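The next block is my_file02.txt, given as compact mmCIF, C-alpha atoms.
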# COMPACT_ATOMS: atom_id res chain seq x y z
CA MET A 1 7.86 -16.29 16.55
CA THR A 2 10.99 -16.76 14.48
CA GLY A 3 10.59 -15.77 10.86
CA ARG A 4 7.83 -13.31 11.75
CA VAL A 5 10.11 -10.41 12.67
CA GLU A 6 8.18 -7.81 10.68
CA LEU A 7 4.88 -8.89 12.21
CA TRP A 8 6.23 -8.65 15.76
CA LEU A 9 7.86 -5.29 15.02
CA TYR A 10 4.46 -4.13 13.72
CA ILE A 11 2.82 -5.30 16.94
CA ALA A 12 5.54 -3.71 19.08
CA GLN A 13 5.15 -0.41 17.27
CA ARG A 14 1.36 -0.37 17.75
CA VAL A 15 1.60 -1.37 21.41
CA SER A 16 4.32 1.24 22.08
CA ALA A 17 2.13 3.85 20.36
CA MET A 18 -0.79 2.92 22.62
CA VAL A 19 1.48 3.28 25.64
CA LEU A 20 2.94 6.58 24.41
CA ALA A 21 -0.37 8.30 23.65
CA PRO A 22 -1.57 8.76 27.28
CA LEU A 23 1.98 9.34 28.53
CA VAL A 24 2.49 12.20 26.07
CA LEU A 25 -0.84 13.76 27.08
CA VAL A 26 0.04 13.58 30.80
CA HIS A 27 3.53 14.94 30.01
CA LEU A 28 2.09 17.90 28.08
CA ALA A 29 -0.53 18.59 30.72
CA THR A 30 2.17 18.52 33.39
CA ILE A 31 4.27 21.03 31.44
CA VAL A 32 1.34 23.44 31.23
CA TYR A 33 0.60 22.95 34.93
CA ALA A 34 4.23 23.16 36.04
CA ILE A 35 5.10 26.47 34.39
CA ARG A 36 2.05 28.38 35.71
CA ASP A 37 4.28 30.10 38.32
CA GLY A 38 7.41 30.27 36.18
CA LEU A 39 9.90 27.58 35.31
CA SER A 40 12.79 26.64 37.57
CA ALA A 41 14.97 23.58 37.96
CA ALA A 42 14.36 23.57 41.69
CA GLU A 43 10.61 23.49 41.19
CA ILE A 44 10.84 20.56 38.75
CA LEU A 45 13.25 18.61 40.94
CA SER A 46 11.10 19.16 44.01
CA ARG A 47 8.29 17.38 42.22
CA THR A 48 10.24 14.57 40.63
CA GLN A 49 13.04 13.75 43.08
CA GLY A 50 12.34 10.76 45.24
CA SER A 51 9.12 10.01 43.40
CA ILE A 52 8.79 6.39 42.37
CA LEU A 53 5.67 7.33 40.42
CA TRP A 54 7.47 9.87 38.20
CA ALA A 55 10.47 7.55 37.83
CA GLY A 56 8.12 4.79 36.65
CA PHE A 57 6.19 7.20 34.42
CA TYR A 58 9.25 8.52 32.61
CA GLY A 59 10.98 5.12 32.67
CA LEU A 60 8.03 3.68 30.76
CA PHE A 61 8.06 6.74 28.50
CA VAL A 62 11.73 6.13 27.63
CA VAL A 63 11.18 2.44 26.84
CA ALA A 64 8.10 3.12 24.69
CA ALA A 65 9.78 6.00 22.83
CA ALA A 66 12.94 3.96 22.21
CA VAL A 67 10.97 1.01 20.81
CA HIS A 68 8.57 3.14 18.77
CA GLY A 69 11.21 5.49 17.38
CA THR A 70 13.62 2.72 16.46
CA ILE A 71 11.05 0.68 14.53
CA GLY A 72 9.80 3.78 12.70
CA LEU A 73 13.31 4.94 11.82
CA ARG A 74 14.19 1.47 10.52
CA VAL A 75 11.11 1.46 8.27
CA ILE A 76 11.92 4.92 6.91
CA LEU A 77 15.53 3.92 6.16
CA ARG A 78 14.41 0.71 4.44
CA GLU A 79 12.03 2.62 2.20
CA MET A 80 13.98 5.78 1.51
CA THR A 81 17.50 4.38 1.21
CA PRO A 82 18.98 1.18 -0.24
CA TRP A 83 20.11 0.23 3.30
CA ARG A 84 18.69 -3.20 4.26
CA GLY A 85 19.72 -6.37 6.00
CA LYS A 86 21.71 -7.22 9.09
CA SER A 87 23.81 -4.04 9.25
CA LEU A 88 20.65 -1.93 9.37
CA ASN A 89 19.17 -4.12 12.10
CA VAL A 90 22.36 -3.84 14.14
CA ALA A 91 22.37 -0.06 13.66
CA ALA A 92 18.70 0.12 14.68
CA ILE A 93 19.38 -1.86 17.86
CA GLY A 94 22.33 0.46 18.51
CA PHE A 95 20.07 3.50 18.10
CA CYS A 96 17.56 1.94 20.49
CA LEU A 97 20.25 1.34 23.11
CA VAL A 98 21.53 4.94 22.79
CA VAL A 99 18.00 6.30 23.29
CA LEU A 100 17.48 3.98 26.28
CA PHE A 101 20.83 5.04 27.81
CA LEU A 102 20.22 8.77 27.33
CA GLY A 103 16.61 8.45 28.45
CA PHE A 104 17.36 6.54 31.64
CA ARG A 105 20.24 8.88 32.42
CA ALA A 106 17.80 11.78 32.24
CA VAL A 107 15.24 9.93 34.36
CA GLU A 108 17.88 9.11 36.93
CA ALA A 109 19.04 12.73 37.04
CA VAL A 110 15.62 14.13 37.93
CA THR A 111 14.31 11.41 40.22
CA MET B 112 -22.60 21.08 -33.30
CA GLU B 113 -20.75 23.00 -30.61
CA GLU B 114 -17.38 22.21 -32.15
CA SER B 115 -17.39 23.21 -35.79
CA SER B 116 -13.74 23.89 -36.52
CA GLY B 117 -11.48 21.01 -37.53
CA ALA B 118 -8.86 21.76 -34.86
CA ALA B 119 -11.44 21.65 -32.10
CA LYS B 120 -12.39 18.14 -33.12
CA GLU B 121 -8.89 16.85 -32.62
CA LEU B 122 -7.08 15.56 -29.59
CA THR B 123 -3.32 15.41 -29.23
CA PHE B 124 -1.87 12.24 -27.74
CA GLU B 125 1.67 12.13 -26.41
CA VAL B 126 2.44 8.44 -26.35
CA TRP B 127 5.42 6.68 -24.78
CA ARG B 128 7.49 4.91 -27.44
CA GLY B 129 10.31 2.47 -26.81
CA GLY B 130 11.45 0.66 -23.67
CA GLU B 131 12.54 2.02 -20.28
CA ASP B 132 14.59 4.75 -21.95
CA GLY B 133 12.11 5.71 -24.63
CA HIS B 134 10.48 9.05 -25.41
CA PHE B 135 7.07 10.61 -25.97
CA ALA B 136 5.81 10.87 -29.57
CA SER B 137 2.92 13.12 -30.52
CA TYR B 138 -0.14 12.00 -32.54
CA THR B 139 -3.22 13.93 -33.58
CA VAL B 140 -6.43 11.96 -33.38
CA PRO B 141 -9.86 13.11 -34.62
CA HIS B 142 -12.23 13.41 -31.70
CA GLN B 143 -15.47 11.50 -31.75
CA GLU B 144 -18.31 11.59 -29.30
CA LYS B 145 -17.96 9.06 -26.44
CA GLN B 146 -14.48 8.17 -27.68
CA THR B 147 -12.44 6.35 -25.06
CA VAL B 148 -8.69 6.64 -24.61
CA LEU B 149 -8.42 3.04 -25.83
CA ASP B 150 -10.37 3.97 -28.99
CA ALA B 151 -7.82 6.71 -29.66
CA VAL B 152 -4.87 4.37 -29.08
CA THR B 153 -6.44 1.88 -31.50
CA TYR B 154 -6.86 4.72 -34.04
CA ILE B 155 -3.18 5.61 -33.70
CA GLN B 156 -2.10 2.00 -34.15
CA ARG B 157 -4.38 1.32 -37.13
CA ARG B 158 -4.17 4.63 -38.98
CA LEU B 159 -1.03 6.49 -37.92
CA ASP B 160 1.67 4.11 -36.71
CA PRO B 161 1.21 0.34 -36.88
CA SER B 162 4.40 -0.19 -34.87
CA LEU B 163 2.69 1.04 -31.68
CA SER B 164 2.34 -1.74 -29.09
CA TYR B 165 -0.45 -1.82 -26.52
CA ARG B 166 -2.69 -4.37 -24.81
CA PHE B 167 -6.42 -4.77 -24.78
CA ALA B 168 -9.01 -7.52 -25.05
CA CYS B 169 -12.60 -6.99 -23.91
CA ARG B 170 -13.00 -3.19 -24.32
CA ILE B 171 -15.78 -3.20 -21.72
CA GLY B 172 -13.97 -3.10 -18.38
CA MET B 173 -13.88 -6.81 -17.65
CA CYS B 174 -10.48 -8.18 -18.61
CA GLY B 175 -8.13 -5.68 -16.98
CA SER B 176 -5.57 -5.64 -19.79
CA CYS B 177 -5.72 -2.06 -21.11
CA ALA B 178 -4.55 -0.15 -18.03
CA MET B 179 -2.04 2.65 -18.67
CA MET B 180 -0.87 5.90 -17.13
CA VAL B 181 -3.20 8.58 -18.47
CA ASN B 182 -1.99 12.11 -17.73
CA GLY B 183 0.11 10.66 -14.91
CA ALA B 184 -2.63 8.58 -13.26
CA PRO B 185 -3.28 4.86 -13.72
CA ARG B 186 -6.59 4.16 -15.46
CA TRP B 187 -8.46 1.51 -17.42
CA THR B 188 -8.39 3.15 -20.82
CA CYS B 189 -11.43 1.34 -22.25
CA ARG B 190 -13.67 3.08 -19.73
CA THR B 191 -11.95 6.47 -19.75
CA ASN B 192 -13.61 9.16 -21.84
CA ALA B 193 -10.88 10.85 -23.89
CA ALA B 194 -12.35 14.36 -24.09
CA ARG B 195 -13.18 14.43 -20.41
CA ILE B 196 -9.68 13.42 -19.29
CA ALA B 197 -7.87 15.73 -21.75
CA LYS B 198 -6.09 18.82 -20.48
CA ASP B 199 -6.03 21.57 -23.12
CA ARG B 200 -7.06 18.82 -25.56
CA LYS B 201 -3.87 16.91 -24.75
CA ILE B 202 -3.50 13.45 -23.25
CA ARG B 203 -0.21 11.91 -22.20
CA LEU B 204 -0.07 8.11 -22.24
CA ALA B 205 2.63 6.02 -20.61
CA PRO B 206 3.00 2.38 -19.58
CA LEU B 207 1.85 1.44 -16.06
CA ARG B 208 4.13 2.67 -13.28
CA ASN B 209 6.05 0.23 -11.06
CA LEU B 210 6.32 -2.43 -13.78
CA PRO B 211 9.13 -3.07 -16.29
CA VAL B 212 8.38 -1.68 -19.74
CA ILE B 213 8.54 -4.14 -22.62
CA LYS B 214 7.73 -1.70 -25.42
CA ASP B 215 5.60 1.42 -25.80
CA LEU B 216 2.48 0.99 -23.64
CA VAL B 217 3.09 -2.67 -22.81
CA THR B 218 4.51 -3.61 -19.41
CA ASP B 219 5.85 -6.92 -18.19
CA MET B 220 3.22 -8.13 -15.70
CA THR B 221 5.26 -11.19 -14.66
CA VAL B 222 6.25 -9.79 -11.27
CA PHE B 223 2.65 -8.74 -10.64
CA PHE B 224 1.38 -12.31 -11.01
CA GLU B 225 4.41 -13.85 -9.31
CA LYS B 226 3.52 -11.78 -6.27
CA TRP B 227 -0.06 -13.04 -6.60
CA GLN B 228 1.38 -16.54 -6.05
CA LYS B 229 3.71 -15.34 -3.29
CA ALA B 230 0.77 -13.83 -1.43
CA SER B 231 -0.88 -17.26 -1.59
CA GLY B 232 -3.62 -16.06 -3.90
CA THR B 233 -4.71 -19.59 -4.70
CA PHE B 234 -7.87 -21.19 -3.34
CA VAL B 235 -7.18 -24.36 -1.33
CA PRO B 236 -10.27 -26.58 -1.41
CA SER B 237 -11.32 -28.09 1.89
CA GLU B 238 -13.47 -30.67 0.17
CA PRO B 239 -11.80 -31.64 -3.09
CA GLY B 240 -14.27 -33.30 -5.40
CA ALA B 241 -17.28 -32.00 -3.46
CA SER B 242 -20.44 -32.48 -5.48
CA GLU B 243 -22.67 -30.24 -3.37
CA PHE B 244 -22.50 -26.46 -3.26
CA ALA B 245 -21.10 -25.14 0.01
CA ALA B 246 -23.73 -23.27 2.01
CA VAL B 247 -22.33 -19.83 2.84
CA ALA B 248 -24.69 -17.39 4.51
CA PRO B 249 -24.76 -14.19 2.42
CA GLU B 250 -25.09 -12.07 5.55
CA SER B 251 -22.15 -13.65 7.39
CA LYS B 252 -19.21 -11.38 8.27
CA GLU B 253 -16.76 -13.50 6.27
CA ARG B 254 -18.93 -13.61 3.16
CA LYS B 255 -19.40 -9.83 3.24
CA ALA B 256 -15.65 -9.25 3.64
CA ALA B 257 -14.89 -11.62 0.76
CA SER B 258 -17.58 -10.09 -1.45
CA ALA B 259 -16.18 -6.60 -0.88
CA GLY B 260 -12.89 -7.52 -2.54
CA ILE B 261 -13.74 -10.28 -4.96
CA GLU B 262 -14.48 -8.25 -8.11
CA CYS B 263 -10.79 -7.51 -8.79
CA ILE B 264 -9.96 -7.84 -12.50
CA GLY B 265 -6.18 -7.86 -12.01
CA CYS B 266 -5.60 -4.74 -14.12
CA GLY B 267 -2.60 -3.54 -12.11
CA VAL B 268 -3.95 -0.01 -11.61
CA CYS B 269 -3.61 -0.21 -7.81
CA TYR B 270 -0.10 -1.65 -8.17
CA ALA B 271 0.89 1.29 -10.38
CA ALA B 272 -0.70 3.77 -7.97
CA CYS B 273 1.00 2.35 -4.87
CA ASP B 274 3.89 4.39 -3.43
CA VAL B 275 4.98 1.52 -1.17
CA VAL B 276 5.62 -0.61 -4.28
CA LYS B 277 7.65 2.31 -5.64
CA TRP B 278 9.76 2.52 -2.48
CA ASN B 279 10.03 -1.21 -1.85
CA PRO B 280 9.92 -3.29 -5.03
CA ASP B 281 9.54 -6.45 -2.90
CA TYR B 282 6.22 -5.27 -1.43
CA LEU B 283 3.53 -7.81 -2.33
CA GLY B 284 1.12 -5.15 -3.61
CA PRO B 285 -2.49 -4.08 -3.03
CA ALA B 286 -4.23 -6.38 -5.54
CA GLN B 287 -2.32 -9.40 -4.27
CA LEU B 288 -3.07 -8.68 -0.61
CA ASN B 289 -6.70 -7.93 -1.45
CA ARG B 290 -6.92 -11.35 -3.09
CA ALA B 291 -5.36 -12.99 -0.02
CA TRP B 292 -7.97 -11.27 2.19
CA THR B 293 -10.84 -12.70 0.12
CA LEU B 294 -9.38 -16.20 0.62
CA VAL B 295 -8.83 -15.66 4.35
CA ASN B 296 -12.56 -14.95 4.52
CA ASP B 297 -13.56 -17.85 2.29
CA VAL B 298 -14.99 -20.44 4.67
CA ARG B 299 -14.49 -23.14 2.02
CA ASP B 300 -10.74 -22.54 1.96
CA ALA B 301 -8.70 -25.12 3.89
CA ASP B 302 -5.55 -23.11 4.49
CA ARG B 303 -6.39 -19.86 6.30
CA LYS B 304 -3.16 -20.13 8.28
CA GLY B 305 -1.15 -20.58 5.09
CA HIS B 306 -2.69 -17.47 3.56
CA LEU B 307 -1.94 -15.45 6.70
CA ALA B 308 1.62 -16.80 6.87
CA ALA B 309 2.21 -15.81 3.24
CA VAL B 310 1.34 -12.15 3.88
CA ALA B 311 2.92 -11.80 7.35
CA VAL B 312 6.37 -11.57 5.83
CA ASP B 313 8.96 -8.89 5.19
CA ALA B 314 7.36 -6.54 2.60
CA GLY B 315 3.98 -8.15 3.28
CA CYS B 316 0.78 -6.57 4.56
CA HIS B 317 2.51 -4.77 7.44
CA ALA B 318 4.53 -2.67 4.98
CA CYS B 319 1.33 -0.90 3.83
CA HIS B 320 1.13 2.75 4.93
CA SER B 321 -2.61 3.06 4.28
CA HIS B 322 -2.07 5.91 1.79
CA GLN B 323 -5.15 4.61 -0.03
CA ASN B 324 -3.86 5.37 -3.53
CA CYS B 325 -5.04 1.86 -4.47
CA THR B 326 -8.54 2.65 -3.25
CA THR B 327 -8.57 6.04 -4.96
CA TYR B 328 -7.66 4.65 -8.38
CA CYS B 329 -9.25 1.17 -8.38
CA PRO B 330 -11.56 1.26 -11.42
CA LYS B 331 -13.84 -1.33 -9.81
CA GLY B 332 -14.29 0.80 -6.70
CA LEU B 333 -12.68 -1.78 -4.44
CA ASN B 334 -10.91 -0.90 -1.20
CA PRO B 335 -7.64 -2.84 -1.03
CA THR B 336 -6.49 -0.65 1.89
CA GLU B 337 -9.37 -1.99 3.97
CA SER B 338 -8.52 -5.56 2.94
CA ILE B 339 -4.89 -5.02 3.96
CA ALA B 340 -6.02 -3.55 7.28
CA GLY B 341 -8.06 -6.74 7.74
CA LEU B 342 -4.97 -8.83 7.07
CA LYS B 343 -2.98 -6.79 9.60
CA ARG B 344 -5.63 -7.45 12.25
CA ALA B 345 -5.99 -11.14 11.37
CA THR B 346 -2.23 -11.80 11.36
CA MET B 347 -1.76 -9.88 14.61
CA SER B 348 -4.55 -11.82 16.26
CA ALA B 349 -3.15 -15.14 15.00
CA ALA B 350 0.35 -14.23 16.21
CA LEU B 351 -0.86 -13.24 19.68
CA LYS B 352 -2.76 -16.53 19.96
CA GLY B 353 0.39 -18.41 18.93
CA ASP B 354 -1.17 -19.66 15.71
CA LEU B 355 1.31 -17.99 13.40
Could you take the file, read its structure, and then write that structure out as structure tokens?
Amino acid sequence: MTGRVELWLYIAQRVSAMVLAPLVLVHLATIVYAIRDGLSAAEILSRTQGSILWAGFYGLFVVAAAVHGTIGLRVILREMTPWRGKSLNVAAIGFCLVVLFLGFRAVEAVT
Amino acid sequence: MEESSGAAKELTFEVWRGGEDGHFASYTVPHQEKQTVLDAVTYIQRRLDPSLSYRFACRIGMCGSCAMMVNGAPRWTCRTNAARIAKDRKIRLAPLRNLPVIKDLVTDMTVFFEKWQKASGTFVPSEPGASEFAAVAPESKERKAASAGIECIGCGVCYAACDVVKWNPDYLGPAQLNRAWTLVNDVRDADRKGHLAAVAVDAGCHACHSHQNCTTYCPKGLNPTESIAGLKRATMSAALKGDL
């Protein structure tokens, strides 16, 4: 595996995209369904709080989005700016951790 | 006899002169029927300015040496009809994009062929000294995949058209990866793993964005994007099986 970082990042980005695709569709469908009688925090929390299923759903969503977004952002920076090397990789991992932290905080708040 | 006036029978060529920081110089060339862009460049060099540098050899679309930027797009000039490509009877010629300029229309192709080596574009015989022809079924999947990419003439048009090369000068390039794909599918080749390892690197096949500029401009009608997609699948499969 060592020395094949770009290949594994490529695989991780494709796999995370495959995970994200159905999750995004369910998320969008849920939004449309949930606001049919108006939108309220109480209504959302009543559905999500205490639900292991929704916690798992959005937990997986957060992980996939963090992985997918980080790899994509790193590629864009490598192509559009002169930024390369270890400092970029450290920054990308940092970005990933921030997204994971914020994402799980949000998941925890509604479940 | 549709064009009777002298002016109508002329084409204006704006030609890049000098190195990286050169300029465009204008030349008026008499138009002849079926005249190619290369014919016009030869006219300029022989009749108007013998100091003009350019490359050509076969003049019939085989050798891949006369590629240039014609009105902003990479083309093989020996097979490009001058009148048809002209805009308001003007044609702008520049050296191939993404390569260092040596002088005028001549680029330094060293990096192009160095990357050919880096992408492991060399056949590795499995039976050195074999006296019999290898039997390869023409209808086999591998033979068809190799055949689809094998007519590359190394002209550098795809390399000049590629935006990923522009953004990342280390990117191996479409022609190079296409060549690697033909070898990966060559059942006589002894080092499939070596070819895959050579392209599964930073700035290798996974850097391709599938823009398909290479496919759009390839004068031989090849599809390097498809070859690169094949390499992505093959390397991914090898990695997941633990072979890479």
Would you mind listing, for every residue of chain A within 10 Å of chain B, the two atoms forming the shortest contact and the distance between them in Å to one decimal, using only C-alpha atoms, sorted by chain and ascending residue number, as a Markdown table?
| residue | atom | partner | partner_atom | distance |
| --- | --- | --- | --- | --- |
| A:Met1 | CA | B:Leu355 | CA | 7.5 |
| A:Thr2 | CA | B:Leu355 | CA | 9.8 |
| A:Gly3 | CA | B:Val312 | CA | 7.8 |
| A:Arg4 | CA | B:Val312 | CA | 6.3 |
| A:Val5 | CA | B:Asp313 | CA | 7.7 |
| A:Glu6 | CA | B:Asp313 | CA | 5.6 |
| A:Leu7 | CA | B:Ala311 | CA | 6.0 |
| A:Trp8 | CA | B:Ala350 | CA | 8.1 |
| A:Leu9 | CA | B:His317 | CA | 9.3 |
| A:Tyr10 | CA | B:His317 | CA | 6.6 |
| A:Ile11 | CA | B:Met347 | CA | 6.9 |
| A:Val75 | CA | B:Ala318 | CA | 8.4 |
| A:Ile76 | CA | B:Trp278 | CA | 9.9 |
| A:Arg78 | CA | B:Asn279 | CA | 7.9 |
| A:Glu79 | CA | B:Trp278 | CA | 5.2 |
| A:Met80 | CA | B:Trp278 | CA | 6.7 |
| A:Thr81 | CA | B:Trp278 | CA | 8.8 |
| A:Pro82 | CA | B:Asn279 | CA | 9.4 |
Report task. Choose the residue, out of A:Val62, A:Phe95, A:Thr70, A:Ala34, that has the smallest atom-to-atom separation from Thr48 (chain A); count only C-alpha atoms. Result ->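 Under the stated criterion, the closest residue is A:Ala34.
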Report task. Name the residues in contact with region 124-137 of chain B at a cut-off of 8 Å, using only C-alpha atoms, excluding same-chain residues fewer than 6 positions from it; report them as number ranges by chain. Result -> B: 163, 201-206, 211-216
Report summary line: For Val24 (chain A), the closest of A:Ala12, A:Val90, A:Ile52, A:Leu60 counting all atoms listed in the file is A:Leu60
Query raised in the report: Quick one: distance from CA of Met220 (chain B) to CA of Arg84 (chain A) in Å, one decimal?
Result: 25.7 Å
Report task. State, in Å with one decimal place, the distance from CA of Ala184 (chain B) to CA of Gly232 (chain B). Result ->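 The value is 26.4 Å.
Compared by their closest atoms to Ile44 (chain A), and using only C-alpha atoms, the residues A:Ile93, A:Val110, A:Val98, A:Val63 rank with A:Val110 nearest.
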Query - Nearest residue to Val152 (chain B) from the set B:Ala309, B:Leu333, B:Met179, B:Ile264 (distances using all atoms listed in the file) - result: B:Met179
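For the pair CA of Ser176 (chain B) and CA of Cys266 (chain B), the interatomic distance is 5.7 Å.
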Requested in this report: Name the residues in contact with Ala245 (chain B) at a cut-off of 12 Å, using all atoms listed in the file, excluding same-chain residues fewer than 5 positions from it; report them as a PyMOL selection string.
Outcome: chain B and resi 236-240+297-300
Report summary line: Using all atoms listed in the file, the residue out of B:Leu210, B:Gly172, B:Ala291, B:Lys304 with shortest distance to Ala272 (chain B) is B:Leu210
